[in-house]
Amino acid sequence: MLDRAVRWKAAEDIDAPCADISFAYRGPNSLAVTMHFSRVVDRPNRDLVLWFKSAIALRWTTESLEVSGITEPLPKCSSERWSPWTYPLIRIQDSTWLREHTSRNPMEARGREHYLLVSMNDVCEVLALFASADWIDGDAEA
């Protein structure tokens, strides 16, 4: 099966949706993506910064779950309160998008993975190597 979406456990204590996503290019192929969990009502005032290295591609769109030709349902949050919402951190296994990059430039794509980051307001996809995840104080701009 192609384009299989699986939960990605990049950090502990995630089982609620994320409100927004922001990102910034930080130098030679380094990408910082902030998942704004603090903007969700009744959630702790903290956000998750995901650091990716050797990023080769980024796609961002607003409020759309039509991503990468994935036809199966995306994983949902498991807590009862948040169960209708898509789990915010997903890895795409057997990614068509990554295979397309690999066919054009196998050296550049080597070792990269396809990450799908979902919020209530946007979707961000990244082809990169994962570096780290850090919780930071949130901005609580709800």
# chains A, B, ... in the order shown; residues from 1 in each chain; ligands from 1
$ residues_around --residues "Thr61 (chain A)" --least-positions-apart "5" --cutoff "7 Å" --atoms "only C-alpha atoms" --output "ChimeraX atom specification"
/A:122-124
$ write_last_selection --atoms "N, CA and C atoms" --output "PDB file, in the first residue's frame"
ATOM      1  N   ASP A 122      -4.101  24.632   9.413  1.00  0.00           N
ATOM      2  CA  ASP A 122      -3.188  24.413   8.303  1.00  0.00           C
ATOM      3  C   ASP A 122      -2.616  23.009   8.308  1.00  0.00           C
ATOM      4  N   VAL A 123      -1.986  22.689   7.181  1.00  0.00           N
ATOM      5  CA  VAL A 123      -1.305  21.406   7.000  1.00  0.00           C
ATOM      6  C   VAL A 123       0.077  21.723   6.439  1.00  0.00           C
ATOM      7  N   CYS A 124       1.087  21.085   6.996  1.00  0.00           N
ATOM      8  CA  CYS A 124       2.458  21.289   6.541  1.00  0.00           C
ATOM      9  C   CYS A 124       3.083  19.922   6.279  1.00  0.00           C
TER      10      CYS A 124
END
$ closest_atom_pairs --of "region 45-139 of chain A" --to "region 2-6 of chain A" --cutoff "7 Å" --atoms "only C-alpha atoms" --output "Markdown table"
| residue | atom | partner | partner_atom | distance |
| --- | --- | --- | --- | --- |
| A:Ile70 | CA | A:Asp3 | CA | 5.7 |
| A:Leu74 | CA | A:Ala5 | CA | 6.1 |
| A:Pro75 | CA | A:Val6 | CA | 6.7 |
| A:Ile90 | CA | A:Val6 | CA | 5.5 |
| A:Arg91 | CA | A:Val6 | CA | 5.5 |
| A:Ile92 | CA | A:Ala5 | CA | 4.7 |
| A:Gln93 | CA | A:Arg4 | CA | 5.0 |
| A:Asp94 | CA | A:Leu2 | CA | 5.1 |
| A:Ser95 | CA | A:Asp3 | CA | 4.6 |
| A:Thr96 | CA | A:Asp3 | CA | 6.2 |
$ residues_around --residues "Ala19 (chain A)" --least-positions-apart "6" --cutoff "7 Å" --atoms "only C-alpha atoms" --output "list of chain:residue names"
A:His36, A:Phe37, A:Arg39, A:Val40, A:Ser119, A:Met120, A:Asn121
$ write_last_selection --atoms "N, CA and C atoms" --output "PDB file, in the first residue's frame"
ATOM      1  N   HIS A  36       1.483  24.997  17.379  1.00  0.00           N
ATOM      2  CA  HIS A  36       0.907  25.871  18.406  1.00  0.00           C
ATOM      3  C   HIS A  36      -0.258  25.188  19.138  1.00  0.00           C
ATOM      4  N   PHE A  37       0.083  24.328  20.071  1.00  0.00           N
ATOM      5  CA  PHE A  37      -0.918  23.660  20.901  1.00  0.00           C
ATOM      6  C   PHE A  37      -1.517  24.631  21.917  1.00  0.00           C
ATOM      7  N   ARG A  39      -2.752  27.413  21.604  1.00  0.00           N
ATOM      8  CA  ARG A  39      -3.892  28.168  21.091  1.00  0.00           C
ATOM      9  C   ARG A  39      -5.193  27.364  21.099  1.00  0.00           C
ATOM     10  N   VAL A  40      -5.122  26.126  21.569  1.00  0.00           N
ATOM     11  CA  VAL A  40      -6.325  25.295  21.684  1.00  0.00           C
ATOM     12  C   VAL A  40      -6.918  25.528  23.072  1.00  0.00           C
ATOM     13  N   SER A 119      -2.856  20.775  11.691  1.00  0.00           N
ATOM     14  CA  SER A 119      -3.450  21.613  12.732  1.00  0.00           C
ATOM     15  C   SER A 119      -4.907  21.873  12.371  1.00  0.00           C
ATOM     16  N   MET A 120      -5.578  22.609  13.227  1.00  0.00           N
ATOM     17  CA  MET A 120      -6.966  22.966  12.954  1.00  0.00           C
ATOM     18  C   MET A 120      -7.068  23.936  11.773  1.00  0.00           C
ATOM     19  N   ASN A 121      -5.993  24.658  11.487  1.00  0.00           N
ATOM     20  CA  ASN A 121      -6.022  25.699  10.469  1.00  0.00           C
ATOM     21  C   ASN A 121      -5.082  25.494   9.294  1.00  0.00           C
TER      22      ASN A 121
END
$ residues_around --residues "Arg112 (chain A)" --least-positions-apart "6" --cutoff "12 Å" --atoms "only C-alpha atoms" --output "PDB file with C-alpha atoms, in the first residue's frame"
ATOM      1  CA  PHE A  52      14.371  19.157  10.765  1.00  0.00           C
ATOM      2  CA  LYS A  53      17.730  18.996   9.068  1.00  0.00           C
ATOM      3  CA  SER A  54      18.553  18.469   5.425  1.00  0.00           C
ATOM      4  CA  ALA A  55      15.075  19.551   4.385  1.00  0.00           C
ATOM      5  CA  ILE A  56      14.571  19.146   0.636  1.00  0.00           C
ATOM      6  CA  ALA A  57      10.880  20.028   0.259  1.00  0.00           C
ATOM      7  CA  ARG A  91       4.709  10.099   9.127  1.00  0.00           C
ATOM      8  CA  ILE A  92       3.839   8.988   5.613  1.00  0.00           C
ATOM      9  CA  GLN A  93       5.312   5.597   4.854  1.00  0.00           C
ATOM     10  CA  ASP A  94       5.803   4.504   1.246  1.00  0.00           C
ATOM     11  CA  SER A  95       5.373   8.142   0.223  1.00  0.00           C
ATOM     12  CA  TRP A  97       5.985  12.428  -2.951  1.00  0.00           C
ATOM     13  CA  LEU A  98       9.292  11.155  -1.553  1.00  0.00           C
ATOM     14  CA  ARG A  99       9.580   8.577  -4.354  1.00  0.00           C
ATOM     15  CA  HIS A 101      12.009  13.288  -5.302  1.00  0.00           C
ATOM     16  CA  THR A 102      14.127  10.142  -5.134  1.00  0.00           C
ATOM     17  CA  ASN A 105      17.681  13.202  -7.266  1.00  0.00           C
ATOM     18  CA  PRO A 106      18.436   9.987  -5.359  1.00  0.00           C
ATOM     19  CA  VAL A 126       8.156  18.180   4.965  1.00  0.00           C
ATOM     20  CA  LEU A 127      10.702  15.893   3.340  1.00  0.00           C
ATOM     21  CA  ALA A 128      13.696  15.931   5.660  1.00  0.00           C
ATOM     22  CA  LEU A 129      15.640  14.220   8.404  1.00  0.00           C
ATOM     23  CA  PHE A 130      14.137  14.691  11.854  1.00  0.00           C
ATOM     24  CA  ALA A 131      16.529  16.272  14.347  1.00  0.00           C
TER      25      ALA A 131
END
$ select_by_dssp --residues "chain A" --states "strand (DSSP E)" --output "JSON, numbers by chain"
{"A": [4, 5, 6, 7, 20, 21, 22, 23, 24, 25, 31, 32, 33, 34, 35, 36, 46, 47, 48, 49, 50, 51, 52, 53, 54, 55, 56, 57, 58, 59, 60, 61, 62, 89, 90, 91, 92, 93, 113, 114, 115, 116, 117, 118, 122, 123, 124, 125, 126, 127, 128, 129, 130, 131, 132, 133, 134, 135, 136, 137]}
